[in-house]
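Here is the structure we will look at, set down as structure tokens.
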Amino acid sequence: MAYGNFTIDQMIEMFDLSIKESSGLFSNAPMRAGSAHLTEALRENVELAVAIGTEKARSELIIMPVLLDLKGQLKTQISLFSGVDFTVAPEQGLNGVCDFLISRSAEQILVRWRSLSDRRIARHYAGRG
């Protein structure tokens, strides 16, 4: 089952998750202003994306310009991927192509786990231990 096939209820059950609805989740994160280029791109693109009305149009005309602006601001602090296979644990349904993926790694050529501890965390949630 690909990532997009999961429902929230299935994810909660399969991965023993809990939903924490709270405001202020990112209240300590520094604010970042978008660039003038981003402002102009969104001014030109949003109306068109809404008129087209597809997820693909919203992804290309709204989401990608925002992510490109973020990547431009953070340079090598993050890597940005689009349309890449991100198979973590296929036996648990954690497989498929992600629309977008942001990593806290400077490595832009390959998507891979940053460390052994990250793999252990993934295995824990994928296999419950």
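We name chains A, B, ... following the order of the structure tokens; residues begin at 1 in each chain, and ligands are numbered from 1 as shown.
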Run DSSP on the backbone and give me the residues of chain A it puts in alpha helix (DSSP H), as a PyMOL selection string. chain A and resi 8-14+36-52+55-58+64-74+116-127
Export, as a compact mmCIF listing (two decimals), in the first residue's frame, the selected residues with C-alpha atoms.
# COMPACT_ATOMS: atom_id res chain seq x y z
CA ILE A 8 -5.53 8.62 9.51
CA ASP A 9 -7.39 5.88 11.39
CA GLN A 10 -5.20 3.19 9.79
CA MET A 11 -2.00 5.09 10.65
CA ILE A 12 -3.05 5.53 14.26
CA GLU A 13 -3.80 1.82 14.60
CA MET A 14 -0.85 0.39 12.63
CA ALA A 36 10.03 39.08 -3.42
CA HIS A 37 10.29 36.44 -6.14
CA LEU A 38 8.04 34.07 -4.15
CA THR A 39 5.50 36.82 -3.51
CA GLU A 40 5.35 37.60 -7.23
CA ALA A 41 5.15 33.92 -8.22
CA LEU A 42 2.26 33.29 -5.84
CA ARG A 43 0.50 36.46 -6.96
CA GLU A 44 0.63 35.17 -10.52
CA ASN A 45 0.07 31.46 -9.84
CA VAL A 46 -2.55 31.01 -7.11
CA GLU A 47 -5.55 32.13 -9.14
CA LEU A 48 -4.51 29.85 -12.00
CA ALA A 49 -3.93 26.88 -9.67
CA VAL A 50 -7.36 27.35 -8.13
CA ALA A 51 -8.98 27.68 -11.55
CA ILE A 52 -7.35 24.48 -12.82
CA GLU A 55 -3.66 18.57 -7.03
CA LYS A 56 -0.96 18.61 -9.71
CA ALA A 57 -1.63 22.29 -10.49
CA ARG A 58 -1.53 23.21 -6.80
CA MET A 64 6.91 24.01 -5.34
CA PRO A 65 7.56 27.78 -5.43
CA VAL A 66 7.28 27.87 -1.62
CA LEU A 67 9.65 24.92 -1.24
CA LEU A 68 12.14 26.40 -3.72
CA ASP A 69 12.12 29.65 -1.77
CA LEU A 70 12.76 27.74 1.46
CA LYS A 71 15.60 25.81 -0.20
CA GLY A 72 17.05 29.10 -1.47
CA GLN A 73 17.01 30.55 2.03
CA LEU A 74 18.41 27.50 3.81
CA LEU A 116 21.67 4.31 12.23
CA SER A 117 19.43 5.74 14.94
CA ASP A 118 17.02 7.03 12.28
CA ARG A 119 16.85 3.53 10.79
CA ARG A 120 16.12 2.06 14.22
CA ILE A 121 13.31 4.56 14.73
CA ALA A 122 11.85 3.68 11.32
CA ARG A 123 12.07 -0.04 12.06
CA HIS A 124 10.44 0.52 15.44
CA TYR A 125 7.43 2.28 13.94
CA ALA A 126 7.26 0.04 10.89
CA GLY A 127 7.59 -3.22 12.79
Please list as an mmCIF file with C-alpha atoms, in the first residue's frame every residue within 9 Å of stretch 96-101 of chain A, counting only C-alpha atoms and excluding residues in the same chain fewer than 5 positions away.
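Done, and the output landed in result12.cif:
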data_model
loop_
_atom_site.group_PDB
_atom_site.id
_atom_site.type_symbol
_atom_site.label_atom_id
_atom_site.label_comp_id
_atom_site.auth_asym_id
_atom_site.auth_seq_id
_atom_site.Cartn_x
_atom_site.Cartn_y
_atom_site.Cartn_z
ATOM 1 C CA MET A 1 0.000 0.000 0.000
ATOM 2 C CA ALA A 2 1.460 3.364 -0.982
ATOM 3 C CA TYR A 3 1.634 6.272 1.477
ATOM 4 C CA GLY A 4 -1.353 7.986 -0.104
ATOM 5 C CA SER A 59 1.712 21.245 -6.371
ATOM 6 C CA MET A 64 6.911 24.013 -5.338
ATOM 7 C CA LEU A 67 9.650 24.918 -1.243
ATOM 8 C CA SER A 79 17.732 18.924 0.616
ATOM 9 C CA LEU A 80 14.562 18.953 -1.424
ATOM 10 C CA PHE A 81 13.190 16.108 -3.512
ATOM 11 C CA SER A 82 10.141 15.769 -5.728
ATOM 12 C CA GLY A 83 8.627 12.559 -7.052
ATOM 13 C CA VAL A 84 11.191 10.213 -5.495
ATOM 14 C CA ASP A 85 10.661 6.664 -4.296
ATOM 15 C CA PHE A 86 10.813 6.564 -0.494
ATOM 16 C CA THR A 87 10.437 2.922 0.437
ATOM 17 C CA VAL A 88 11.106 2.426 4.141
ATOM 18 C CA PRO A 90 7.203 -2.202 2.210
ATOM 19 C CA VAL A 111 17.576 10.187 -0.440
#
Which parts of chain A does DSSP call strand (DSSP E or B) when run on the backbone here, written out as an MDAnalysis selection string? chainID A and resid 2 79:85 89 94:95 97:103
Rounded to one decimal, what separation in Å do you get between atom CA of A:Ser103 and atom CA of A:Ile78?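 Taking atom CA of A:Ser103 and atom CA of A:Ile78, their separation equals 5.4 Å.
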